[in-house]
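Data from coords38.cif: mmCIF, C-alpha atoms
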data_my_file
#
loop_
_atom_site.label_atom_id
_atom_site.label_comp_id
_atom_site.auth_asym_id
_atom_site.auth_seq_id
_atom_site.Cartn_x
_atom_site.Cartn_y
_atom_site.Cartn_z
CA MET A 64 1.76 -33.43 26.47
CA PRO A 65 5.44 -33.66 27.48
CA THR A 66 7.83 -33.01 24.65
CA LYS A 67 11.53 -32.32 24.35
CA LEU A 68 10.90 -29.30 22.18
CA SER A 69 10.51 -26.21 24.36
CA ARG A 70 7.81 -23.69 23.57
CA ARG A 71 10.41 -21.03 23.01
CA ASP A 72 12.22 -23.14 20.43
CA PHE A 73 8.92 -24.12 18.86
CA ILE A 74 7.83 -20.52 18.34
CA ARG A 75 11.26 -19.60 17.04
CA LEU A 76 11.13 -22.50 14.61
CA CYS A 77 7.67 -21.58 13.34
CA ALA A 78 8.22 -17.86 13.18
CA GLY A 79 11.60 -18.26 11.55
CA GLY A 80 10.09 -19.24 8.25
CA ALA A 81 13.41 -20.62 7.06
CA ALA A 82 12.96 -20.34 3.32
CA ALA A 83 13.01 -23.53 1.31
CA ILE A 84 13.18 -25.70 4.39
CA SER A 85 10.06 -27.54 5.39
CA LEU A 86 8.78 -26.75 8.83
CA SER A 87 7.15 -30.14 9.06
CA SER A 88 10.44 -31.97 8.70
CA TYR A 89 11.53 -30.38 11.97
CA LEU A 90 8.25 -30.94 13.72
CA ALA A 91 7.31 -34.40 12.47
CA PRO A 92 9.51 -36.45 14.83
CA PHE A 93 8.21 -34.54 17.87
CA MET A 94 4.62 -34.89 16.70
CA ALA A 95 4.99 -38.60 15.94
CA GLU A 96 6.35 -39.03 19.45
CA ALA A 97 3.40 -37.14 20.90
CA VAL A 98 0.91 -39.25 18.92
CA ALA A 99 2.65 -42.44 20.00
CA ALA A 100 2.41 -41.20 23.58
CA GLY A 101 -1.33 -40.81 23.19
CA ALA A 102 -1.91 -37.32 21.84
CA PRO A 103 -5.60 -36.69 21.19
CA PRO A 104 -7.04 -37.31 17.73
CA VAL A 105 -7.93 -34.71 15.15
CA LEU A 106 -11.26 -34.55 13.33
CA TRP A 107 -11.51 -32.56 10.11
CA ILE A 108 -14.84 -31.40 8.72
CA GLN A 109 -15.65 -29.38 5.62
CA GLY A 110 -18.53 -27.00 5.04
CA GLY A 111 -18.99 -24.12 2.62
CA SER A 112 -15.51 -24.55 1.25
CA CYS A 113 -13.67 -25.41 -1.95
CA THR A 114 -11.38 -28.02 -0.32
CA GLY A 115 -8.47 -25.80 -1.29
CA CYS A 116 -7.14 -25.78 2.27
CA SER A 117 -6.95 -29.58 2.28
CA ILE A 118 -5.20 -29.45 -1.07
CA SER A 119 -2.79 -26.84 0.24
CA ILE A 120 -1.79 -29.07 3.14
CA LEU A 121 -0.82 -31.69 0.54
CA ASN A 122 2.04 -29.35 -0.29
CA THR A 123 3.66 -30.41 2.94
CA VAL A 124 7.05 -31.69 1.86
CA SER A 125 9.53 -33.84 3.67
CA PRO A 126 7.96 -35.82 5.19
CA ASP A 127 5.26 -36.08 2.57
CA ILE A 128 1.61 -35.78 3.42
CA GLU A 129 1.09 -39.55 3.59
CA LYS A 130 3.50 -39.81 6.48
CA VAL A 131 2.03 -36.77 8.18
CA LEU A 132 -1.47 -38.20 8.00
CA THR A 133 -0.65 -41.76 8.95
CA GLU A 134 2.11 -41.30 11.52
CA VAL A 135 2.28 -37.71 12.66
CA ILE A 136 -1.38 -36.84 13.21
CA SER A 137 -4.02 -39.16 14.56
CA LEU A 138 -6.59 -38.05 12.01
CA ARG A 139 -9.85 -39.89 12.63
CA TYR A 140 -12.05 -38.26 10.04
CA HIS A 141 -11.48 -36.30 6.87
CA PRO A 142 -14.10 -36.25 4.10
CA ASN A 143 -11.54 -36.50 1.31
CA ILE A 144 -9.50 -39.31 2.82
CA SER A 145 -11.68 -41.43 5.08
CA ALA A 146 -12.49 -44.86 3.71
CA ALA A 147 -15.76 -44.80 5.63
CA ALA A 148 -18.74 -43.30 3.84
CA GLY A 149 -22.38 -42.75 4.76
CA ASP A 150 -23.45 -43.76 8.27
CA LEU A 151 -20.08 -45.28 9.01
CA ALA A 152 -18.39 -41.93 8.44
CA ILE A 153 -20.84 -39.82 10.44
CA GLN A 154 -21.73 -42.17 13.29
CA GLU A 155 -18.59 -44.18 13.80
CA ALA A 156 -15.77 -41.94 12.64
CA LEU A 157 -17.11 -38.52 13.55
CA TYR A 158 -19.59 -38.74 16.42
CA LYS A 159 -18.10 -41.74 18.20
CA THR A 160 -14.62 -40.21 18.25
CA ALA A 161 -16.05 -36.96 19.53
CA GLU A 162 -17.84 -38.81 22.30
CA GLU A 163 -14.88 -41.00 23.18
CA PHE A 164 -12.44 -38.11 23.35
CA LYS A 165 -14.84 -35.48 24.63
CA GLY A 166 -13.00 -32.33 25.67
CA GLN A 167 -9.70 -33.70 24.35
CA PHE A 168 -9.84 -33.95 20.58
CA PHE A 169 -9.14 -31.09 18.19
CA LEU A 170 -11.59 -30.13 15.50
CA VAL A 171 -10.33 -28.71 12.24
CA VAL A 172 -13.00 -26.79 10.37
CA GLU A 173 -12.63 -25.90 6.72
CA GLY A 174 -15.32 -23.76 5.16
CA ALA A 175 -17.87 -21.21 6.29
CA VAL A 176 -21.10 -22.14 8.03
CA PRO A 177 -24.24 -21.27 6.03
CA VAL A 178 -27.14 -20.61 8.38
CA ALA A 179 -29.85 -19.51 5.92
CA ALA A 180 -32.69 -21.99 5.41
CA ASP A 181 -31.80 -23.70 8.72
CA GLY A 182 -28.37 -24.54 7.42
CA MET A 183 -29.70 -26.62 4.53
CA TYR A 184 -27.30 -24.98 2.07
CA CYS A 185 -24.61 -27.31 3.32
CA ILE A 186 -25.33 -30.88 4.36
CA ILE A 187 -22.35 -32.98 5.32
CA GLY A 188 -24.10 -36.29 5.80
CA GLU A 189 -27.05 -38.15 7.15
CA LYS A 190 -27.62 -38.81 10.83
CA ASP A 191 -30.52 -40.88 12.16
CA GLY A 192 -32.30 -40.58 8.83
CA GLN A 193 -32.08 -36.79 8.95
CA HIS A 194 -29.94 -34.40 6.95
CA LEU A 195 -26.98 -33.39 9.07
CA THR A 196 -26.36 -29.74 8.35
CA PHE A 197 -22.87 -28.33 8.68
CA GLU A 198 -24.21 -25.82 11.17
CA ARG A 199 -25.48 -28.60 13.42
CA ALA A 200 -22.27 -30.60 13.07
CA VAL A 201 -20.12 -27.61 14.00
CA LYS A 202 -22.34 -26.96 17.02
CA GLU A 203 -22.47 -30.55 18.22
CA ILE A 204 -18.92 -31.67 17.46
CA GLY A 205 -17.30 -28.29 18.00
CA SER A 206 -18.74 -27.75 21.46
CA GLN A 207 -17.13 -31.02 22.60
CA ALA A 208 -13.66 -30.26 21.24
CA ALA A 209 -10.64 -29.15 23.26
CA ALA A 210 -10.14 -26.45 20.65
CA ILE A 211 -11.32 -25.60 17.16
CA LEU A 212 -8.75 -24.89 14.48
CA ASN A 213 -10.24 -22.87 11.65
CA PHE A 214 -8.20 -23.62 8.56
CA GLY A 215 -8.81 -21.09 5.84
CA THR A 216 -10.39 -17.66 5.67
CA CYS A 217 -13.89 -19.15 5.18
CA SER A 218 -14.11 -20.84 8.56
CA ALA A 219 -12.05 -18.12 10.24
CA PHE A 220 -13.83 -15.03 8.93
CA GLY A 221 -16.46 -16.08 6.37
CA GLY A 222 -14.28 -15.60 3.31
CA ILE A 223 -15.58 -15.98 -0.22
CA PRO A 224 -18.99 -17.55 0.57
CA ALA A 225 -19.76 -14.77 3.07
CA THR A 226 -18.96 -12.01 0.59
CA PRO A 227 -21.88 -9.60 0.17
CA PRO A 228 -24.65 -10.29 -0.65
CA ASN A 229 -23.78 -13.50 1.23
CA PRO A 230 -26.50 -15.56 -0.47
CA THR A 231 -26.43 -18.41 2.06
CA LYS A 232 -25.83 -16.26 5.17
CA CYS A 233 -22.45 -17.80 5.81
CA LYS A 234 -20.87 -17.20 9.20
CA PRO A 235 -17.44 -17.87 10.61
CA VAL A 236 -17.19 -20.73 13.10
CA SER A 237 -16.52 -18.28 15.93
CA GLU A 238 -20.12 -17.05 15.63
CA ILE A 239 -21.50 -20.59 15.90
CA VAL A 240 -19.47 -22.02 18.77
CA LYS A 241 -18.48 -19.62 21.52
CA THR A 242 -17.57 -21.92 24.38
CA VAL A 243 -14.40 -23.45 22.97
CA PRO A 244 -10.97 -21.89 22.28
CA ILE A 245 -10.62 -21.10 18.59
CA VAL A 246 -7.52 -20.57 16.50
CA ASN A 247 -7.92 -18.92 13.13
CA VAL A 248 -5.45 -19.94 10.46
CA PRO A 249 -6.68 -17.80 7.56
CA GLY A 250 -5.42 -17.72 4.03
CA CYS A 251 -7.05 -18.62 0.78
CA PRO A 252 -5.59 -21.18 1.10
CA PRO A 253 -3.35 -21.15 4.18
CA HIS A 254 0.29 -22.16 3.83
CA PRO A 255 0.81 -25.83 4.78
CA ASP A 256 3.34 -24.75 7.41
CA TRP A 257 0.73 -22.57 9.11
CA MET A 258 -1.63 -25.52 9.35
CA ILE A 259 0.97 -28.12 10.35
CA GLY A 260 2.54 -25.66 12.80
CA THR A 261 -0.80 -24.95 14.46
CA ILE A 262 -1.73 -28.62 14.71
CA ALA A 263 1.76 -29.33 16.07
CA HIS A 264 1.38 -26.68 18.73
CA VAL A 265 -1.93 -27.99 20.03
CA LEU A 266 -0.74 -31.60 19.94
CA LEU A 267 2.60 -30.97 21.61
CA TYR A 268 1.49 -28.49 24.25
CA GLY A 269 -2.20 -29.23 24.57
CA ASP A 270 -3.22 -25.59 24.24
CA VAL A 271 -3.62 -23.02 21.53
CA PRO A 272 -0.74 -20.82 20.40
CA GLU A 273 -0.61 -17.13 21.21
CA VAL A 274 -2.97 -15.29 18.87
CA ASP A 275 -3.53 -11.73 17.70
CA SER A 276 -6.78 -9.77 17.98
CA PHE A 277 -8.26 -11.76 15.09
CA GLY A 278 -7.36 -15.13 16.58
CA ARG A 279 -4.41 -15.74 14.26
CA PRO A 280 -1.24 -17.36 15.64
CA LYS A 281 1.28 -14.58 16.10
CA MET A 282 4.13 -16.85 15.09
CA PHE A 283 2.84 -16.85 11.50
CA PHE A 284 0.70 -13.74 11.16
CA GLY A 285 2.69 -11.19 13.12
CA GLY A 286 4.24 -9.39 10.15
CA ILE A 287 2.87 -7.34 7.29
CA ILE A 288 3.63 -8.22 3.67
CA HIS A 289 4.54 -4.63 2.81
CA ASP A 290 7.22 -4.47 5.53
CA ASN A 291 9.27 -7.32 4.11
CA CYS A 292 8.22 -7.10 0.48
CA PRO A 293 10.98 -7.89 -2.04
CA ARG A 294 9.56 -5.00 -4.11
CA ARG A 295 9.76 -2.61 -1.18
CA GLN A 296 12.70 -0.75 -2.67
CA TYR A 297 10.49 0.18 -5.64
CA PHE A 298 7.92 1.60 -3.24
CA ASP A 299 10.52 3.62 -1.40
CA ASN A 300 11.81 4.95 -4.70
CA ALA A 301 8.26 5.68 -5.93
CA ILE A 302 8.48 3.30 -8.88
CA PHE A 303 5.02 1.87 -9.42
CA ALA A 304 4.01 -0.82 -11.91
CA LYS A 305 1.23 0.40 -14.21
CA ASN A 306 0.59 -2.95 -15.85
CA PHE A 307 1.06 -6.56 -14.91
CA GLY A 308 4.59 -7.63 -15.66
CA ASP A 309 6.07 -4.16 -15.16
CA PRO A 310 8.87 -3.76 -12.69
CA GLY A 311 7.86 -1.71 -9.69
CA CYS A 312 5.72 -1.72 -6.60
CA LEU A 313 2.33 -3.32 -7.30
CA LEU A 314 0.32 -0.87 -5.20
CA GLU A 315 -1.28 0.89 -8.17
CA ILE A 316 -2.48 -2.37 -9.70
CA GLY A 317 -4.19 -3.45 -6.52
CA CYS A 318 -1.61 -4.85 -4.11
CA LYS A 319 -3.06 -5.12 -0.59
CA GLY A 320 0.33 -5.91 0.95
CA PRO A 321 0.19 -2.93 3.32
CA ILE A 322 -2.81 -4.41 5.14
CA ALA A 323 -2.02 -8.13 4.82
CA HIS A 324 -0.63 -10.04 7.79
CA CYS A 325 1.36 -13.18 7.06
CA ASP A 326 4.91 -14.37 6.54
CA SER A 327 4.80 -15.45 2.88
CA THR A 328 7.58 -12.97 2.13
CA THR A 329 10.10 -15.16 3.90
CA ARG A 330 8.36 -18.53 4.02
CA LEU A 331 7.57 -18.76 0.29
CA TRP A 332 5.18 -21.30 -1.22
CA ASN A 333 5.34 -24.59 -3.08
CA GLY A 334 8.23 -25.88 -1.03
CA GLY A 335 10.07 -22.56 -1.06
CA VAL A 336 9.90 -22.03 -4.82
CA ASN A 337 7.81 -18.91 -5.23
CA TRP A 338 4.98 -16.84 -3.84
CA CYS A 339 2.30 -14.39 -5.01
CA ILE A 340 4.29 -11.16 -5.32
CA LYS A 341 7.43 -12.86 -6.56
CA ALA A 342 5.26 -14.23 -9.37
CA GLY A 343 4.13 -10.69 -10.19
CA ALA A 344 0.66 -10.96 -8.68
CA PRO A 345 -0.54 -8.20 -6.37
CA CYS A 346 -1.33 -9.39 -2.85
CA ILE A 347 -5.08 -9.84 -2.35
CA ALA A 348 -4.78 -9.89 1.46
CA CYS A 349 -6.44 -13.29 1.69
CA THR A 350 -5.53 -13.61 5.37
CA GLU A 351 -7.56 -10.57 6.40
CA PRO A 352 -11.05 -10.69 7.93
CA GLN A 353 -12.59 -8.54 5.19
CA PHE A 354 -11.26 -10.59 2.30
CA PRO A 355 -12.54 -10.44 -0.45
CA GLY A 356 -14.62 -7.35 0.26
CA TRP A 357 -12.51 -5.05 -1.91
CA PRO A 358 -11.83 -4.70 -5.64
CA MET A 359 -8.78 -6.86 -6.09
CA TYR A 360 -7.09 -5.01 -8.92
CA GLU A 361 -7.82 -1.48 -7.78
CA ARG A 362 -5.50 0.52 -5.62
CA ILE A 363 -6.45 0.37 -1.95
CA PRO A 364 -9.00 3.20 -1.78
CA GLU A 365 -7.60 4.83 1.31
CA MET A 366 -4.33 4.08 2.99
CA PRO A 367 -4.45 4.39 6.74
CA ILE A 368 -1.83 7.04 7.14
CA ALA A 369 -1.86 8.22 10.70
CA PRO A 370 -3.58 7.36 13.97
CA ALA A 371 -5.32 10.73 13.95
CA MET A 372 -7.21 9.90 10.76
CA THR A 373 -9.80 7.76 12.42
CA ALA A 374 -12.32 8.09 9.61
CA THR A 375 -9.93 6.39 7.27
CA ILE A 376 -9.25 3.66 9.74
CA ASP A 377 -12.95 3.07 10.17
CA GLN A 378 -13.36 2.74 6.44
CA ILE A 379 -10.72 0.12 6.30
CA GLY A 380 -12.71 -1.43 9.09
CA GLY A 381 -11.60 -4.12 11.42
CA VAL A 382 -8.78 -5.10 9.14
CA LEU A 383 -6.08 -3.43 11.10
CA GLY A 384 -5.33 -3.65 14.76
CA ALA A 385 -4.44 -0.36 16.36
CA ALA A 386 -0.81 -1.38 16.70
CA ALA A 387 -0.61 -2.22 13.02
CA VAL A 388 -2.10 1.13 12.13
CA LEU A 389 0.53 2.87 14.19
CA GLY A 390 3.22 0.80 12.54
CA ILE A 391 2.01 1.46 9.03
CA GLY A 392 1.17 5.07 9.82
CA GLY A 393 4.75 5.72 10.80
CA HIS A 394 6.34 4.93 7.53
CA LEU A 395 3.46 5.91 5.29
CA ALA A 396 3.16 9.38 6.74
CA GLY A 397 6.64 10.10 5.45
CA ASN A 398 5.80 8.78 2.05
CA ILE A 399 2.71 10.92 1.79
CA ALA A 400 4.68 13.95 2.81
CA THR A 401 7.08 13.34 -0.04
CA GLY A 402 4.27 12.73 -2.52
CA ARG A 403 4.93 9.02 -3.10
CA ILE A 404 1.46 8.12 -2.01
CA GLY A 405 -1.06 10.67 -3.02
CA PRO A 406 -4.72 10.81 -3.89
CA LYS A 407 -5.82 8.26 -6.44
CA LYS A 408 -4.97 9.33 -9.95
CA ASN A 409 -7.86 10.10 -12.23
CA ASP A 410 -8.71 7.70 -15.01
CA ALA A 411 -7.26 9.79 -17.80
CA GLU A 412 -3.82 9.49 -16.29
CA LYS A 413 -4.05 5.79 -15.73
CA GLU A 414 -2.61 3.53 -18.33
CA GLY A 415 -3.71 0.05 -19.06
CA ASP A 416 -7.34 0.55 -18.16
CA ASN A 417 -8.65 0.59 -21.67
CA MET B 10 -41.54 -52.75 -2.61
CA ALA B 11 -38.31 -51.01 -3.36
CA ASP B 12 -35.60 -50.60 -0.72
CA LYS B 13 -34.05 -47.16 -0.48
CA ILE B 14 -30.36 -46.94 0.29
CA MET B 15 -28.98 -43.52 1.17
CA ILE B 16 -25.23 -42.95 1.26
CA ASP B 17 -24.35 -39.52 2.58
CA PRO B 18 -21.58 -38.46 2.61
CA ILE B 19 -19.68 -40.06 -0.22
CA THR B 20 -16.09 -39.69 0.98
CA ARG B 21 -12.82 -39.65 -0.95
CA ILE B 22 -14.18 -37.09 -3.38
CA GLU B 23 -14.09 -33.31 -3.30
CA GLY B 24 -17.28 -31.65 -2.16
CA HIS B 25 -20.49 -32.83 -0.62
CA LEU B 26 -22.10 -35.69 -2.49
CA ALA B 27 -24.96 -37.98 -1.52
CA VAL B 28 -26.30 -40.94 -3.43
CA GLU B 29 -29.73 -42.47 -3.10
CA VAL B 30 -30.37 -45.84 -4.69
CA GLU B 31 -33.65 -47.74 -4.99
CA VAL B 32 -33.28 -51.49 -5.13
CA GLU B 33 -36.10 -53.87 -6.04
CA GLY B 34 -35.52 -57.59 -5.93
CA GLY B 35 -31.76 -57.17 -6.13
CA VAL B 36 -32.01 -54.83 -9.11
CA VAL B 37 -31.34 -51.10 -9.03
CA VAL B 38 -34.48 -49.45 -10.34
CA ASP B 39 -33.66 -45.83 -9.63
CA ALA B 40 -30.64 -43.81 -8.51
CA LYS B 41 -30.04 -40.18 -7.69
CA SER B 42 -26.90 -38.29 -6.89
CA MET B 43 -27.08 -35.00 -5.06
CA GLY B 44 -24.68 -32.13 -4.53
CA MET B 45 -25.32 -31.07 -0.95
CA MET B 46 -23.72 -27.64 -0.85
CA PHE B 47 -24.58 -24.29 -2.37
CA ARG B 48 -22.67 -21.03 -2.01
CA GLY B 49 -24.14 -18.84 -4.75
CA MET B 50 -20.86 -17.88 -6.42
CA GLU B 51 -22.65 -16.20 -9.33
CA LEU B 52 -24.63 -14.04 -6.93
CA ILE B 53 -21.43 -13.04 -5.16
CA MET B 54 -19.85 -11.93 -8.45
CA ARG B 55 -22.76 -9.74 -9.44
CA GLY B 56 -21.74 -6.07 -9.54
CA ARG B 57 -18.06 -6.74 -8.96
CA ASP B 58 -15.10 -5.79 -11.11
CA PRO B 59 -14.89 -8.42 -13.90
CA ARG B 60 -11.20 -8.92 -13.14
CA ASP B 61 -12.12 -10.19 -9.70
CA ALA B 62 -13.77 -13.19 -11.34
CA GLN B 63 -10.46 -14.94 -11.83
CA GLN B 64 -9.78 -14.80 -8.11
CA ILE B 65 -13.27 -15.60 -6.87
CA MET B 66 -14.46 -18.17 -9.38
CA GLN B 67 -11.30 -20.27 -9.14
CA ARG B 68 -12.33 -20.86 -5.57
CA ILE B 69 -15.44 -22.74 -6.61
CA CYS B 70 -13.22 -25.77 -6.32
CA GLY B 71 -9.75 -25.82 -4.82
CA VAL B 72 -8.74 -29.22 -6.11
#
Encoded form using structure tokens:
Amino acid sequence: MPTKLSRRDFIRLCAGGAAAISLSSYLAPFMAEAVAAGAPPVLWIQGGSCTGCSISILNTVSPDIEKVLTEVISLRYHPNISAAAGDLAIQEALYKTAEEFKGQFFLVVEGAVPVAADGMYCIIGEKDGQHLTFERAVKEIGSQAAAILNFGTCSAFGGIPATPPNPTKCKPVSEIVKTVPIVNVPGCPPHPDWMIGTIAHVLLYGDVPEVDSFGRPKMFFGGIIHDNCPRRQYFDNAIFAKNFGDPGCLLEIGCKGPIAHCDSTTRLWNGGVNWCIKAGAPCIACTEPQFPGWPMYERIPEMPIAPAMTATIDQIGGVLGAAAVLGIGGHLAGNIATGRIGPKKNDAEKEGDN
Amino acid sequence: MADKIMIDPITRIEGHLAVEVEVEGGVVVDAKSMGMMFRGMELIMRGRDPRDAQQIMQRICGV
């Protein structure tokens, strides 16, 4: 798709995360142009999800979401918006578009894919008198798409529904469809800019953005919360909050910032007003593949401190890429040496637990 | 003989809803609505730190 915006400028724009300025206001004119020039349509389906990702994208400001949906993206199906219901939605809007634009359209998937009981834990409609399971829809529609965009941690990694004991055997989309390029845009929910930016990239350039080892676009998920945290000075000075509302680094009350990849520190949420840590909430690392497999308000059990400590890294699991471990290891090793990060304190010393 | 009308999905709502209506002689004689998705949120919470509930259970519905 020819566009006046160069890839280099695009990545710079997305990765810049200019606080309080909407990414979509920059991108919208280019996207509208691409759609007018015949950019492929987007289909959006929901499975084992809470619809929070769709609600998050409503936070797109300037232009507002109405303009984005009607002029900027050629969105052919979305369960919360489509006027068509029943057969009309499934046959005409979903399957016919997929057939018409086979190999060209982009499929947005929100929600994990339950596969227990032949996928009957999530039915997204009726097709030919049969229940259409989400699993089947993802297989049939997804395998025809040019690329699948997983919006939210559920479709990207399994997320909340796939948390042990995973009652409905939820799987990420990447385990269902393996023949199509997949971009993971995790977050619980993802920032609207991450979603709009990813859609913009595929529409403008016809291919998926550069991704990290977990399939996340590097332009949004390249950094670690801890590295740019506004409370970082507290950490460096070994001032730790013991209770919610205390000044200090939130590590002791459960912050997972040191393992969380995203750019919320500079991008901010709700149109640049605030974000989790600025509001005093410890990061829960909702963009990580293992979310929410850890106690949210407990200190991270083991901090990966150095590349040599492989056992620790294994415990943390696939959360960290080797490069990230090296990066974190570098500055944490110093902190451990100076006693800022030590073994977990015993309960008697901890305040606020009673 | 009643006619069965199945509408699945119902769009423009949050979640997965299906409605089945039985019509006899132009009159609705029976109707069912069905939630078509199950995640087992209570089962996921079992054994976890109670404070995690505020993060996990709010994600039952994101609207």
(request) Tell me the residues of chain B close to chain A, meaning within 7 Å using only C-alpha atoms, as a ChimeraX atom specification. (result) /B:16-23,25,45-49,52-53,58,61,68-72
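Note that atom CA of A:Pro321 and atom CA of B:Gly56 are 25.6 Å apart.
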Selection result for the PyMOL selection byres ((chain A and resi 199-211) around 6) on this file, as a PDB file with C-alpha atoms, keeping the file's coordinate frame:
ATOM      1  CA  LYS A 165     -14.840 -35.480  24.630  1.00  0.00           C
ATOM      2  CA  GLY A 166     -13.000 -32.330  25.670  1.00  0.00           C
ATOM      3  CA  GLN A 167      -9.700 -33.700  24.350  1.00  0.00           C
ATOM      4  CA  PHE A 168      -9.840 -33.950  20.580  1.00  0.00           C
ATOM      5  CA  PHE A 169      -9.140 -31.090  18.190  1.00  0.00           C
ATOM      6  CA  LEU A 170     -11.590 -30.130  15.500  1.00  0.00           C
ATOM      7  CA  VAL A 171     -10.330 -28.710  12.240  1.00  0.00           C
ATOM      8  CA  THR A 196     -26.360 -29.740   8.350  1.00  0.00           C
ATOM      9  CA  PHE A 197     -22.870 -28.330   8.680  1.00  0.00           C
ATOM     10  CA  GLU A 198     -24.210 -25.820  11.170  1.00  0.00           C
ATOM     11  CA  LEU A 212      -8.750 -24.890  14.480  1.00  0.00           C
ATOM     12  CA  VAL A 240     -19.470 -22.020  18.770  1.00  0.00           C
ATOM     13  CA  VAL A 243     -14.400 -23.450  22.970  1.00  0.00           C
ATOM     14  CA  PRO A 244     -10.970 -21.890  22.280  1.00  0.00           C
ATOM     15  CA  ILE A 245     -10.620 -21.100  18.590  1.00  0.00           C
TER      16      ILE A 245
END
Taking the file as shown, find all residues satisfying the PyMOL selection byres ((chain A and resi 348-351) around 6) and write them as a PDB file with C-alpha atoms, in the coordinates of the input.
ATOM      1  CA  PRO A 249      -6.680 -17.800   7.560  1.00  0.00           C
ATOM      2  CA  GLY A 250      -5.420 -17.720   4.030  1.00  0.00           C
ATOM      3  CA  CYS A 251      -7.050 -18.620   0.780  1.00  0.00           C
ATOM      4  CA  LYS A 319      -3.060  -5.120  -0.590  1.00  0.00           C
ATOM      5  CA  ALA A 323      -2.020  -8.130   4.820  1.00  0.00           C
ATOM      6  CA  CYS A 346      -1.330  -9.390  -2.850  1.00  0.00           C
ATOM      7  CA  ILE A 347      -5.080  -9.840  -2.350  1.00  0.00           C
ATOM      8  CA  PRO A 352     -11.050 -10.690   7.930  1.00  0.00           C
ATOM      9  CA  GLN A 353     -12.590  -8.540   5.190  1.00  0.00           C
ATOM     10  CA  PHE A 354     -11.260 -10.590   2.300  1.00  0.00           C
TER      11      PHE A 354
END
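With distances restricted to all atoms listed in the file, A:Gly269 is the closest residue to A:Ala102 from A:Gly343, A:Gly269, A:Gly278, A:Gly311.
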Within 6 Å of A:Cys325 using only C-alpha atoms, minus same-chain residues under 2 positions, as an mmCIF file with C-alpha atoms, keeping the file's coordinate frame:
data_model
loop_
_atom_site.group_PDB
_atom_site.id
_atom_site.type_symbol
_atom_site.label_atom_id
_atom_site.label_comp_id
_atom_site.auth_asym_id
_atom_site.auth_seq_id
_atom_site.Cartn_x
_atom_site.Cartn_y
_atom_site.Cartn_z
ATOM 1 C CA PHE A 283 2.840 -16.850 11.500
ATOM 2 C CA PHE A 284 0.700 -13.740 11.160
ATOM 3 C CA GLY A 286 4.240 -9.390 10.150
ATOM 4 C CA SER A 327 4.800 -15.450 2.880
#
(request) Given the file shown, enumerate the residues that the PyMOL selection byres ((chain B and resi 26-37) around 7) captures and present them as number ranges by chain. (result) B: 10-19, 24-25, 38-45
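Across the model, the gap from atom CA of A:Val246 to atom CA of A:Ile128 is 22.0 Å.
Our summary of the geometry notes that atom CA of A:Asn213 is positioned 7.4 Å from atom CA of A:Val236.
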Do you know which residues are at most 9 Å from A:Glu134 counting all atoms listed in the file, after dropping those on the same chain fewer than 2 positions away, and could you put them as a compact mmCIF listing (two decimals) with C-alpha atoms, keeping the file's coordinate frame?
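The result, written out as result_18.txt:
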# COMPACT_ATOMS: atom_id res chain seq x y z
CA ALA A 91 7.31 -34.40 12.47
CA MET A 94 4.62 -34.89 16.70
CA ALA A 95 4.99 -38.60 15.94
CA VAL A 98 0.91 -39.25 18.92
CA ALA A 99 2.65 -42.44 20.00
CA GLU A 129 1.09 -39.55 3.59
CA LYS A 130 3.50 -39.81 6.48
CA VAL A 131 2.03 -36.77 8.18
CA LEU A 132 -1.47 -38.20 8.00
CA ILE A 136 -1.38 -36.84 13.21
CA SER A 137 -4.02 -39.16 14.56
To test the calculation: enclose all listed atoms of stretch 43-51 of chain B in a box whose edges run along x, y and z, add 3 Å on each side, then state centre and edge lengths in Å to one decimal, as lines of an AutoDock Vina configuration file.
center_x = -24.0
center_y = -25.6
center_z = -5.1
size_x = 12.2
size_y = 24.8
size_z = 14.5
Rebuild stretch 25-30 of chain B to N, CA, C and O atoms - output it as a short mmCIF file (atom, residue, chain, number, x, y, z; two decimals), keeping the file's coordinate frame, please.
data_model
loop_
_atom_site.label_atom_id
_atom_site.label_comp_id
_atom_site.auth_asym_id
_atom_site.auth_seq_id
_atom_site.Cartn_x
_atom_site.Cartn_y
_atom_site.Cartn_z
N HIS B 25 -19.49 -32.16 -1.43
CA HIS B 25 -20.49 -32.83 -0.62
C HIS B 25 -21.44 -33.58 -1.53
O HIS B 25 -22.28 -32.98 -2.19
N LEU B 26 -21.29 -34.88 -1.58
CA LEU B 26 -22.10 -35.69 -2.49
C LEU B 26 -22.88 -36.73 -1.70
O LEU B 26 -22.37 -37.34 -0.76
N ALA B 27 -24.15 -36.91 -2.08
CA ALA B 27 -24.96 -37.98 -1.52
C ALA B 27 -25.54 -38.80 -2.66
O ALA B 27 -25.81 -38.26 -3.74
N VAL B 28 -25.73 -40.07 -2.41
CA VAL B 28 -26.30 -40.94 -3.43
C VAL B 28 -27.47 -41.70 -2.82
O VAL B 28 -27.37 -42.22 -1.70
N GLU B 29 -28.58 -41.71 -3.54
CA GLU B 29 -29.73 -42.47 -3.10
C GLU B 29 -30.06 -43.51 -4.17
O GLU B 29 -30.20 -43.17 -5.35
N VAL B 30 -30.15 -44.74 -3.73
CA VAL B 30 -30.37 -45.84 -4.69
C VAL B 30 -31.64 -46.59 -4.28
O VAL B 30 -31.86 -46.86 -3.10
#
